[in-house]
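Next comes final_30.txt, with compact mmCIF, C-alpha atoms.
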```
# COMPACT_ATOMS: atom_id res chain seq x y z
CA MET A 30 -21.94 -20.73 8.49
CA ASN A 31 -25.16 -22.74 8.87
CA ALA A 32 -26.56 -25.25 6.36
CA LEU A 33 -29.04 -22.78 4.87
CA GLU A 34 -26.35 -20.18 4.17
CA SER A 35 -24.14 -22.85 2.61
CA LEU A 36 -26.99 -24.00 0.34
CA ALA A 37 -27.74 -20.42 -0.72
CA ALA A 38 -24.05 -19.84 -1.54
CA SER A 39 -23.94 -23.03 -3.62
CA ILE A 40 -27.01 -21.95 -5.62
CA LEU A 41 -25.57 -18.49 -6.23
CA LYS A 42 -22.29 -20.01 -7.36
CA ARG A 43 -24.11 -22.05 -10.01
CA ILE A 44 -25.84 -18.90 -11.22
CA PHE A 45 -22.96 -16.46 -11.29
CA VAL A 46 -19.93 -18.67 -11.98
CA VAL A 47 -20.46 -19.92 -15.51
CA ARG A 48 -16.89 -20.74 -16.53
CA VAL A 49 -15.40 -23.63 -14.55
CA GLU A 50 -11.93 -23.94 -16.10
CA PRO A 51 -9.31 -21.26 -16.82
CA PRO A 52 -9.59 -20.09 -20.45
CA LYS A 53 -6.94 -21.39 -22.83
CA ASP A 54 -7.10 -18.36 -25.11
CA VAL A 55 -6.77 -15.27 -22.91
CA ARG A 56 -7.31 -12.00 -24.75
CA LYS A 57 -8.69 -9.64 -22.09
CA ILE A 58 -7.84 -9.40 -18.40
CA LEU A 59 -9.23 -7.04 -15.76
CA VAL A 60 -7.54 -6.35 -12.41
CA ILE A 61 -9.76 -4.77 -9.75
CA ARG A 62 -7.72 -3.33 -6.90
CA GLU A 63 -8.85 0.23 -6.22
CA ALA A 64 -7.37 0.63 -2.72
CA ALA A 65 -4.81 3.07 -1.36
CA ILE A 66 -1.50 4.02 -2.95
CA GLY A 67 0.53 1.47 -0.99
CA ASP A 68 -1.84 -1.37 -1.86
CA VAL A 69 -1.74 -0.43 -5.54
CA LEU A 70 2.07 -0.23 -5.54
CA CYS A 71 2.13 -3.73 -4.07
CA MET A 72 0.25 -4.90 -7.16
CA THR A 73 3.13 -3.97 -9.49
CA PRO A 74 5.08 -7.24 -9.04
CA PHE A 75 1.85 -9.11 -9.87
CA LEU A 76 1.30 -6.96 -12.96
CA LYS A 77 4.79 -7.63 -14.25
CA ALA A 78 4.44 -11.37 -13.73
CA LEU A 79 0.96 -11.28 -15.29
CA ARG A 80 2.33 -9.57 -18.41
CA GLU A 81 5.02 -12.23 -18.73
CA MET A 82 2.39 -14.95 -18.39
CA TYR A 83 0.06 -13.36 -20.96
CA PRO A 84 2.27 -11.20 -23.24
CA ASN A 85 -0.39 -10.75 -25.92
CA ALA A 86 -3.43 -10.11 -23.72
CA ALA A 87 -4.95 -6.69 -23.03
CA ILE A 88 -4.55 -6.02 -19.30
CA ASP A 89 -6.85 -3.37 -17.82
CA TYR A 90 -6.86 -2.03 -14.27
CA ALA A 91 -9.64 -0.45 -12.17
CA VAL A 92 -8.32 1.95 -9.51
CA VAL A 93 -9.58 4.77 -7.30
CA ASP A 94 -8.64 8.18 -8.69
CA TRP A 95 -6.25 9.28 -5.92
CA ALA A 96 -4.20 6.06 -6.30
CA LYS A 97 -4.07 6.15 -10.09
CA SER A 98 -0.63 7.74 -10.11
CA ALA A 99 0.80 4.56 -8.56
CA ILE A 100 0.33 2.67 -11.83
CA GLU A 101 0.37 5.38 -14.50
CA ASN A 102 2.92 4.73 -17.28
CA ASN A 103 3.19 1.10 -16.19
CA PRO A 104 4.07 -0.77 -19.42
CA ASN A 105 2.32 -3.90 -18.15
CA ILE A 106 -1.12 -2.22 -18.31
CA ASN A 107 -3.13 -1.33 -21.40
CA ASP A 108 -5.98 0.78 -19.99
CA ILE A 109 -6.69 2.27 -16.57
CA PHE A 110 -10.30 2.80 -15.50
CA THR A 111 -10.69 5.27 -12.66
CA VAL A 112 -13.25 5.10 -9.88
CA SER A 113 -13.87 8.64 -8.70
CA ASN A 114 -14.38 9.68 -5.09
CA GLU A 115 -18.09 10.16 -5.74
CA LEU A 116 -18.33 6.40 -6.19
CA ILE A 117 -16.70 5.54 -2.84
CA VAL A 118 -18.30 7.94 -0.36
CA GLY A 119 -21.87 8.34 0.86
CA LYS A 120 -24.56 6.00 2.09
CA ILE A 121 -23.80 2.31 1.64
CA TRP A 122 -26.69 1.62 -0.73
CA ALA A 123 -25.75 4.59 -2.89
CA VAL A 124 -22.10 3.52 -3.05
CA VAL A 125 -23.10 0.00 -4.04
CA LEU A 126 -25.42 1.21 -6.80
CA LYS A 127 -22.81 3.57 -8.25
CA ARG A 128 -20.17 0.85 -8.16
CA LEU A 129 -22.48 -1.63 -9.86
CA LYS A 130 -23.12 0.85 -12.68
CA PHE A 131 -19.39 1.49 -13.09
CA TYR A 132 -18.49 -2.20 -13.22
CA ALA A 133 -21.50 -3.13 -15.32
CA ALA A 134 -19.99 -0.97 -18.06
CA LEU A 135 -16.65 -2.77 -17.70
CA ALA A 136 -18.35 -6.17 -17.77
CA LYS A 137 -19.53 -5.42 -21.32
CA ARG A 138 -15.90 -5.63 -22.43
CA ASN A 139 -16.13 -9.42 -22.03
CA TYR A 140 -13.03 -10.16 -20.02
CA ASP A 141 -11.65 -13.69 -19.98
CA ILE A 142 -10.09 -13.39 -16.51
CA VAL A 143 -10.87 -11.00 -13.65
CA PHE A 144 -8.58 -10.67 -10.65
CA CYS A 145 -9.95 -9.12 -7.46
CA PRO A 146 -7.47 -9.39 -4.56
CA THR A 147 -9.67 -8.19 -1.70
CA THR A 148 -12.00 -9.73 0.86
CA GLN A 149 -14.46 -6.81 0.95
CA LEU A 150 -18.08 -7.77 0.38
CA LEU A 151 -18.68 -4.86 -2.02
CA TYR A 152 -16.38 -6.42 -4.62
CA LYS A 153 -17.95 -9.84 -4.21
CA ILE A 154 -21.20 -8.25 -5.34
CA VAL A 155 -19.41 -6.52 -8.22
CA LEU A 156 -17.87 -9.80 -9.41
CA MET A 157 -21.32 -11.23 -10.04
CA LEU A 158 -21.50 -8.94 -13.07
CA PHE A 159 -18.63 -10.81 -14.75
CA ARG A 160 -20.52 -14.10 -15.14
CA LYS A 161 -18.52 -15.55 -18.03
CA ALA A 162 -15.06 -14.52 -16.79
CA TYR A 163 -12.79 -16.80 -14.80
CA LYS A 164 -12.61 -14.98 -11.47
CA ILE A 165 -9.73 -15.19 -8.97
CA GLY A 166 -9.41 -13.34 -5.67
CA PHE A 167 -8.99 -13.64 -1.91
CA SER A 168 -11.20 -15.39 0.60
CA THR A 169 -11.15 -15.62 4.39
CA GLU A 170 -12.64 -19.12 4.13
CA PRO A 171 -10.63 -22.21 3.09
CA LYS A 172 -11.35 -23.96 -0.17
CA GLY A 173 -13.69 -26.90 -0.39
CA LYS A 174 -17.19 -25.47 -0.25
CA ALA A 175 -19.13 -22.48 -1.48
CA THR A 176 -19.62 -19.82 1.18
CA LYS A 177 -20.75 -16.22 1.21
CA TYR A 178 -17.06 -15.27 1.17
CA ASN A 179 -16.11 -17.04 -2.05
CA PHE A 180 -19.19 -18.16 -3.99
CA MET A 181 -18.52 -15.72 -6.84
CA LEU A 182 -14.90 -16.90 -7.33
CA ASN A 183 -13.64 -19.74 -9.49
CA ASP A 184 -10.51 -19.98 -7.38
CA HIS A 185 -8.98 -18.04 -4.52
CA VAL A 186 -6.03 -17.46 -2.23
CA PHE A 187 -6.95 -18.19 1.38
CA ILE A 188 -6.26 -15.50 4.00
CA ASN A 189 -6.33 -16.71 7.59
CA LEU A 190 -7.51 -13.76 9.68
CA ASN A 191 -6.40 -15.54 12.87
CA GLU A 192 -2.80 -15.59 11.66
CA ILE A 193 -1.09 -12.82 13.68
CA PRO A 194 1.46 -11.88 12.59
CA ARG A 195 1.00 -12.86 8.98
CA THR A 196 3.51 -15.16 7.33
CA ARG A 197 3.79 -13.43 3.95
CA HIS A 198 3.78 -9.99 2.42
CA ILE A 199 0.74 -8.66 0.57
CA ALA A 200 2.82 -8.57 -2.65
CA ILE A 201 3.44 -12.31 -2.26
CA ARG A 202 -0.26 -12.97 -1.74
CA ASN A 203 -0.96 -11.13 -4.99
CA LEU A 204 1.51 -13.34 -6.86
CA GLU A 205 -0.12 -16.43 -5.36
CA MET A 206 -3.16 -15.69 -7.53
CA LEU A 207 -1.01 -16.42 -10.57
CA ASP A 208 0.17 -19.70 -9.04
CA LEU A 209 -3.43 -20.86 -9.43
CA LEU A 210 -3.14 -20.50 -13.21
CA SER A 211 0.33 -21.95 -13.64
CA ASP A 212 1.78 -25.46 -13.58
CA LYS A 213 4.64 -24.15 -11.48
CA LYS A 214 5.09 -21.56 -8.76
CA ILE A 215 5.52 -18.03 -10.08
CA GLY A 216 8.87 -16.42 -9.21
CA ARG A 217 9.01 -14.14 -6.18
CA ASN A 218 11.82 -11.92 -7.47
CA TYR A 219 9.56 -9.17 -8.86
CA GLY A 220 9.96 -5.88 -7.01
CA LEU A 221 7.71 -2.84 -6.66
CA GLU A 222 7.85 -0.39 -9.55
CA VAL A 223 7.09 3.26 -10.31
CA PHE A 224 7.61 4.85 -13.72
CA PRO A 225 8.54 8.56 -13.60
CA THR A 226 8.55 10.48 -16.87
CA SER A 227 11.27 12.82 -18.13
CA LYS A 228 8.99 15.69 -17.09
CA ASP A 229 8.83 14.28 -13.54
CA ILE A 230 12.62 14.00 -13.40
CA LYS A 231 13.13 17.55 -14.62
CA LYS A 232 10.69 18.98 -12.07
CA ILE A 233 12.62 17.40 -9.20
CA GLU A 234 15.97 18.49 -10.62
CA ASP A 235 14.72 22.07 -10.99
CA TRP A 236 13.29 22.07 -7.46
CA ILE A 237 16.56 20.86 -5.94
CA ASN A 238 18.58 23.42 -7.91
CA ARG A 239 16.21 26.24 -6.96
CA LEU A 240 16.79 25.49 -3.27
CA ASN A 241 20.54 25.06 -3.81
CA TRP A 242 20.31 21.55 -2.38
CA ALA A 243 22.37 19.85 -5.11
CA ASN A 244 25.34 19.30 -2.77
CA LYS A 245 23.30 18.74 0.37
CA GLU A 246 22.39 15.57 2.22
CA ILE A 247 18.62 15.39 1.69
CA ILE A 248 16.52 13.50 4.25
CA ALA A 249 12.83 12.83 3.59
CA ILE A 250 10.35 12.65 6.46
CA ALA A 251 6.79 11.30 6.05
CA PRO A 252 5.25 12.28 9.42
CA SER A 253 1.67 11.23 8.67
CA ALA A 254 0.19 7.90 7.63
CA GLY A 255 -2.51 9.42 5.45
CA ASN A 256 -4.67 10.60 8.33
CA ALA A 257 -6.84 12.78 6.11
CA VAL A 258 -7.73 9.88 3.83
CA LYS A 259 -7.80 6.62 5.78
CA SER A 260 -9.76 6.15 8.99
CA ASP A 261 -7.15 3.86 10.53
CA SER A 262 -4.16 6.11 9.87
CA ALA A 263 -3.99 7.71 13.32
CA GLY A 264 -3.23 4.27 14.72
CA LYS A 265 -0.20 4.09 12.41
CA THR A 266 1.12 7.61 12.97
CA ALA A 267 3.84 8.13 15.57
CA PRO A 268 3.60 11.31 17.70
CA LYS A 269 4.66 14.42 15.81
CA GLU A 270 7.02 15.33 18.66
CA LEU A 271 9.09 12.25 17.78
CA PHE A 272 9.70 13.51 14.24
CA VAL A 273 10.43 17.02 15.49
CA ASP A 274 13.08 15.74 17.91
CA ILE A 275 14.66 13.58 15.21
CA ILE A 276 14.85 16.46 12.72
CA LYS A 277 16.30 18.85 15.31
CA GLU A 278 19.04 16.42 16.25
CA LEU A 279 19.96 15.40 12.69
CA LYS A 280 19.82 19.04 11.64
CA LYS A 281 22.91 19.79 13.73
CA ASN A 282 24.87 18.70 10.68
CA PRO A 283 24.80 21.88 8.54
CA LEU A 284 24.98 19.94 5.27
CA ARG A 285 21.61 18.31 5.82
CA ARG A 286 18.27 19.39 4.41
CA PHE A 287 14.84 17.97 5.18
CA VAL A 288 11.73 17.56 3.04
CA LEU A 289 8.36 16.65 4.54
CA ILE A 290 6.46 14.48 2.07
CA GLY A 291 2.85 13.32 1.81
CA ALA A 292 -0.44 14.02 0.10
CA ALA A 293 -2.04 17.46 -0.12
CA SER A 294 -4.46 16.36 2.60
CA GLU A 295 -1.48 15.92 4.93
CA TYR A 296 -0.05 19.41 4.42
CA GLY A 297 -1.76 20.86 7.49
CA TYR A 298 -0.55 18.00 9.68
CA ALA A 299 3.02 18.52 8.49
CA GLU A 300 2.71 22.25 9.18
CA SER A 301 1.56 21.49 12.73
CA LEU A 302 5.02 20.10 13.46
CA ASP A 303 6.02 23.77 13.41
CA ILE A 304 9.49 23.02 12.09
CA ALA A 305 9.33 23.81 8.36
CA ASP A 306 11.21 27.03 7.65
CA GLY A 307 11.20 26.91 3.85
CA THR A 308 14.98 26.77 3.72
CA SER A 309 16.45 23.81 5.61
CA VAL A 310 13.12 22.08 6.26
CA VAL A 311 10.50 22.31 3.49
CA ASN A 312 6.91 21.08 3.68
CA CYS A 313 6.21 19.50 0.28
CA CYS A 314 3.03 17.61 1.13
CA GLY A 315 0.87 17.92 -1.98
CA THR A 316 3.64 19.57 -4.00
CA PHE A 317 4.73 16.49 -5.90
CA SER A 318 2.86 13.68 -7.61
CA LEU A 319 3.62 10.12 -6.62
CA ARG A 320 5.97 9.68 -9.57
CA GLU A 321 7.73 12.93 -8.75
CA SER A 322 7.99 11.85 -5.11
CA ALA A 323 9.62 8.62 -6.25
CA GLU A 324 12.16 10.62 -8.21
CA LEU A 325 12.78 12.81 -5.16
CA LEU A 326 13.38 9.76 -2.97
CA LYS A 327 16.04 8.56 -5.41
CA ARG A 328 17.95 11.72 -4.51
CA CYS A 329 17.47 11.36 -0.75
CA LYS A 330 20.04 9.81 1.55
CA LEU A 331 17.34 8.58 3.90
CA LEU A 332 13.58 8.38 4.42
CA ILE A 333 11.97 8.12 7.86
CA SER A 334 8.28 7.28 7.77
CA ASN A 335 5.34 5.59 9.44
CA ASP A 336 3.72 2.48 8.03
CA SER A 337 2.22 4.21 5.00
CA GLY A 338 2.37 4.52 1.23
CA ALA A 339 5.83 6.09 1.60
CA THR A 340 7.09 2.68 2.74
CA HIS A 341 6.19 1.07 -0.57
CA LEU A 342 7.42 4.04 -2.58
CA ALA A 343 10.83 3.68 -0.89
CA SER A 344 10.80 -0.04 -1.71
CA ALA A 345 10.21 0.79 -5.37
CA THR A 346 13.17 3.20 -5.40
CA LYS A 347 15.39 1.13 -3.03
CA THR A 348 15.85 4.25 -0.87
CA SER A 349 17.60 3.93 2.49
CA HIS A 350 14.67 3.82 4.85
CA ILE A 351 13.61 3.63 8.51
CA VAL A 352 9.94 2.71 8.87
CA LEU A 353 8.14 2.87 12.21
CA PHE A 354 5.74 0.09 13.11
CA GLY A 355 3.44 -0.14 16.09
CA ALA A 356 0.26 -2.19 16.07
CA THR A 357 0.35 -2.96 12.35
CA ASP A 358 2.01 -5.98 10.79
CA ASP A 359 5.43 -5.43 9.22
CA VAL A 360 5.42 -8.93 7.71
CA GLU A 361 2.34 -8.14 5.64
CA PHE A 362 2.85 -4.44 4.94
CA GLY A 363 6.54 -3.74 5.57
CA PRO A 364 9.29 -2.88 3.07
CA TYR A 365 9.32 -5.31 0.17
CA GLN A 366 12.60 -6.35 -1.44
CA ASN A 367 14.34 -3.18 -0.25
CA PRO A 368 17.75 -4.20 1.14
CA ASN A 369 18.24 -0.64 2.40
CA ALA A 370 15.22 -0.63 4.71
CA THR A 371 15.11 -1.10 8.48
CA ILE A 372 11.91 -1.79 10.41
CA TYR A 373 11.85 -0.06 13.79
CA ARG A 374 9.41 -1.10 16.49
CA VAL A 375 9.17 -1.23 20.26
CA SER A 376 9.68 -4.75 21.55
CA LEU A 377 6.36 -5.64 23.18
CA PRO A 378 4.73 -9.08 23.43
CA CYS A 379 1.42 -7.67 22.17
CA ALA A 380 2.84 -6.21 18.95
CA PRO A 381 1.71 -6.50 16.27
CA CYS A 382 -1.82 -6.69 17.64
CA ARG A 383 -3.45 -5.25 14.49
CA ALA A 384 -6.00 -3.57 16.78
CA ALA A 385 -7.46 -0.17 15.92
CA ASN A 386 -7.35 0.97 19.55
CA CYS A 387 -4.68 0.16 22.10
CA LEU A 388 -5.70 -2.34 24.75
CA VAL A 389 -2.59 -1.79 26.89
CA GLU A 390 -2.74 1.86 27.87
CA PRO A 391 -6.28 3.29 28.00
CA SER A 392 -5.24 6.85 28.80
CA GLU A 393 -7.40 9.79 27.79
CA GLN A 394 -4.70 11.07 25.46
CA LEU A 395 -4.36 7.80 23.59
CA ARG A 396 -8.10 7.33 23.37
CA ALA A 397 -8.45 10.80 21.90
CA HIS A 398 -5.85 10.10 19.21
CA ALA A 399 -6.61 6.39 18.74
CA ARG A 400 -2.85 5.85 18.89
CA PRO A 401 -1.33 2.57 20.07
CA TYR A 402 0.81 2.73 23.21
CA CYS A 403 3.79 1.24 21.37
CA LEU A 404 4.02 4.27 19.07
CA THR A 405 4.24 6.65 22.04
CA MET A 406 7.13 4.64 23.52
CA MET A 407 9.49 5.18 20.59
CA ASP A 408 12.79 6.78 21.57
CA ALA A 409 14.01 9.67 19.42
CA LYS A 410 17.60 9.22 20.60
CA ALA A 411 17.68 5.57 19.49
CA LEU A 412 16.16 6.53 16.14
CA VAL A 413 18.73 9.27 15.61
CA GLU A 414 21.52 6.80 16.28
CA LEU A 415 20.01 4.38 13.77
CA ALA A 416 19.63 7.19 11.24
CA GLU A 417 23.27 8.21 11.66
CA GLN A 418 24.34 4.64 11.01
CA LYS A 419 22.35 4.50 7.80
CA LEU A 420 23.54 7.93 6.68
CA SER A 421 27.10 6.75 7.22
CA ALA A 422 26.38 3.63 5.16
CA VAL A 423 26.94 1.41 8.18
CA GLU A 424 25.28 -1.97 7.67
CA THR A 425 22.08 -2.16 9.71
CA ALA A 426 19.70 -5.00 10.49
CA MET A 427 16.38 -5.35 8.70
CA GLN A 428 14.67 -5.39 12.11
CA PHE A 429 15.55 -2.97 14.92
CA PHE A 430 13.77 -3.50 18.21
CA GLN A 431 13.71 -0.91 20.96
CA THR A 432 13.60 -2.66 24.33
```
Conversion result in structure tokens:
Amino acid sequence: MNALESLAASILKRIFVVRVEPPKDVRKILVIREAAIGDVLCMTPFLKALREMYPNAAIDYAVVDWAKSAIENNPNINDIFTVSNELIVGKIWAVVLKRLKFYAALAKRNYDIVFCPTTQLLYKIVLMLFRKAYKIGFSTEPKGKATKYNFMLNDHVFINLNEIPRTRHIAIRNLEMLDLLSDKKIGRNYGLEVFPTSKDIKKIEDWINRLNWANKEIIAIAPSAGNAVKSDSAGKTAPKELFVDIIKELKKNPLRRFVLIGAASEYGYAESLDIADGTSVVNCCGTFSLRESAELLKRCKLLISNDSGATHLASATKTSHIVLFGATDDVEFGPYQNPNATIYRVSLPCAPCRAANCLVEPSEQLRAHARPYCLTMMDAKALVELAEQKLSAVETAMQFFQT
């Protein structure tokens, strides 16, 4: 950053950051973390710790509509404000204007503290609306001077983008925001949480009974990484043939039943595996809400998934889990405080590269699917063996590398 940019950032900071010290009397708090389902689930340890820190404050949360279910019924939140899809798609200028209008209305509630754990520029603009609040978030620039990455924040957690792999989980980074307000380090023993209702529980019980699966060994498969919602999901989704081979092999045990889980937008992808028969393998993408899916996972012997929201849902329910990682970072986004999870990846010196497109194998097929080479190397036989170990309650390592 040149001297002129630094001067401009310093001037803006003086204009938009009015409060310089954390408020002693905290009555209203706003958390802005719209994001995807997995990101929102990873906020739940923070929310629990925040409630313990400020038991009498009103804690509100701003979230995108399709991730709202990740925090519904959370006792640590007072009100949830939903950003609809119409506010997050379209031309950049239109999106910014719609967001500003949405958050301008929230700013009138006069929050004492606003948390915004993201580095995206859009939210830095939004934070300027909360002039009198004490604002805490993330920055890709170290502390010490005002820059375009942090000028609107009173304090921030530094994220080093050159740190590959990362050294801490995203849930830990969220808790580090609270360290900035406390005389001592906040505990790291808070896990992910989901709060199913009695209605959610009954729906899953009825569904299992209707299929006569009550005495079966249910295995959940999440074959997609949200490829109809997130642009980078194809780079996190292992080939569908891998999941088909795994299901076929595990299915040789007649007591086993398989449920394909995911969002409604992933239903077609799950159908393209051409393995769901409605009896022993059922495609339930879009059938269950997130809370209902959590309740279903509690009744599953095993989940096999890509690096996706299913990973964090399994962490919340402590489900036995095999999660496939390729180019993405399992330190930052892997299972969190789930002793029953195993991370499976191919042992390559370039992984995790965090790259959107593979730089190792530039074949036409991989370019067409934007899929990292490491995901195509995964061995179904090795995964089946690992699955059998976990299904037999054999102790397995947290990390399993295929060489």
For Val55 of chain A, the nearest of the candidates A:Asn105, A:Gln431, A:Asn85, A:Thr308, counting all atoms listed in the file: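 Residue with the minimum atom-to-atom distance to Val55 of chain A: A:Asn85.
Distances to Leu404 of chain A were evaluated for A:Lys53, A:Lys265, A:Lys164, A:His341 using all atoms listed in the file, and the minimum falls at A:Lys265.
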Among listed residues A:Ile142, A:Leu353, A:Val155, A:Leu182, nearest Lys130 of chain A (using all atoms listed in the file):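 Going through A:Ile142, A:Leu353, A:Val155, A:Leu182 one by one, the smallest distance to Lys130 of chain A is for A:Val155.
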Pairwise distance for atom CA of Asp141 of chain A and atom CA of Ser98 of chain A, rounded to one decimal in Å: 26.0 Å
All residues 10 Å or closer to Asn335 of chain A, only C-alpha atoms, same chain fewer than 3 positions away omitted, as a PyMOL selection string: chain A and resi 250-255+262+265-267+338-340+351-355+372-373+404
In file coordinates, which residues lie within 12 Å of (11.4, 8.9, 23.6) using all atoms listed in the file, given as a short mmCIF file (atom, residue, chain, number, x, y, z; two decimals) with C-alpha atoms, keeping the file's coordinate frame?
```cif
data_model
loop_
_atom_site.label_atom_id
_atom_site.label_comp_id
_atom_site.auth_asym_id
_atom_site.auth_seq_id
_atom_site.Cartn_x
_atom_site.Cartn_y
_atom_site.Cartn_z
CA ALA A 267 3.84 8.13 15.57
CA PRO A 268 3.60 11.31 17.70
CA LYS A 269 4.66 14.42 15.81
CA GLU A 270 7.02 15.33 18.66
CA LEU A 271 9.09 12.25 17.78
CA PHE A 272 9.70 13.51 14.24
CA VAL A 273 10.43 17.02 15.49
CA ASP A 274 13.08 15.74 17.91
CA ILE A 275 14.66 13.58 15.21
CA VAL A 375 9.17 -1.23 20.26
CA CYS A 403 3.79 1.24 21.37
CA LEU A 404 4.02 4.27 19.07
CA THR A 405 4.24 6.65 22.04
CA MET A 406 7.13 4.64 23.52
CA MET A 407 9.49 5.18 20.59
CA ASP A 408 12.79 6.78 21.57
CA ALA A 409 14.01 9.67 19.42
CA LYS A 410 17.60 9.22 20.60
CA ALA A 411 17.68 5.57 19.49
CA LEU A 412 16.16 6.53 16.14
CA VAL A 413 18.73 9.27 15.61
CA GLN A 431 13.71 -0.91 20.96
CA THR A 432 13.60 -2.66 24.33
#
```
Where's the centre, and what are the edge lengths in Å to one decimal, of a box along x, y and z enclosing all listed atoms of segment 155-171 of chain A padded 4 Å per side, as lines of an AutoDock Vina configuration file?
```
center_x = -15.2
center_y = -14.4
center_z = -6.8
size_x = 20.5
size_y = 23.7
size_z = 30.4
```
Distance query segment 201-211 of chain A at most 7 Å, all atoms listed in the file, self and fewer than 3 positions along chain excluded, as a list of chain:residue names: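 The filter keeps A:Met72, A:Phe75, A:Pro146, A:Ile165, A:Gly166, A:His185, A:Val186, A:Arg197, A:His198, A:Lys214, A:Ile215.
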Atom CA of Ser309 of chain A to atom CA of Glu295 of chain A, straight-line distance in Å: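 Between these atoms lies a distance of 19.6 Å.
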Proximity to Asn241 of chain A - best of A:Arg285, A:Ser294, A:Glu101, A:Asn369, only C-alpha atoms: A:Arg285
Gap from atom CA of Gly264 of chain A to atom CA of Asp68 of chain A - Å, one decimal: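 Taking atom CA of Gly264 of chain A as the start and atom CA of Asp68 of chain A as the end point, the length is 17.6 Å.
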Pick from A:Ala263, A:Ala96, A:Val143, A:Met157 nearest to Ala64 of chain A, counting only C-alpha atoms: A:Ala96
Proximity to Lys97 of chain A - best of A:Phe167, A:Trp242, A:Phe110, A:Tyr298, all atoms listed in the file: A:Phe110
All residues 12 Å or closer to Thr148 of chain A, all atoms listed in the file, same chain fewer than 4 positions away omitted, as a list in words: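 Everything that qualifies: Ile61, Arg62, Ala64, Tyr152, Lys153, Ile154, Leu156, Ile165, Gly166, Phe167, Ser168, Thr169, Glu170, Lys177, Tyr178, Asn179, Met181, Leu182, His185, Val186, Phe187, Ile188, Asn189 and Leu190 of chain A.
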Residue neighbourhood Asp306 of chain A, 12 Å, all atoms listed in the file, exclusion window fewer than 6 positions, as number ranges by chain: A: 286-289, 299-300, 312-313
Expected file: the selected residues, C-alpha atoms, as a PDB file, in the frame of the given file:
```pdb
ATOM      1  CA  ARG A 286      18.270  19.390   4.410  1.00  0.00           C
ATOM      2  CA  PHE A 287      14.840  17.970   5.180  1.00  0.00           C
ATOM      3  CA  VAL A 288      11.730  17.560   3.040  1.00  0.00           C
ATOM      4  CA  LEU A 289       8.360  16.650   4.540  1.00  0.00           C
ATOM      5  CA  ALA A 299       3.020  18.520   8.490  1.00  0.00           C
ATOM      6  CA  GLU A 300       2.710  22.250   9.180  1.00  0.00           C
ATOM      7  CA  ASN A 312       6.910  21.080   3.680  1.00  0.00           C
ATOM      8  CA  CYS A 313       6.210  19.500   0.280  1.00  0.00           C
TER       9      CYS A 313
END
```
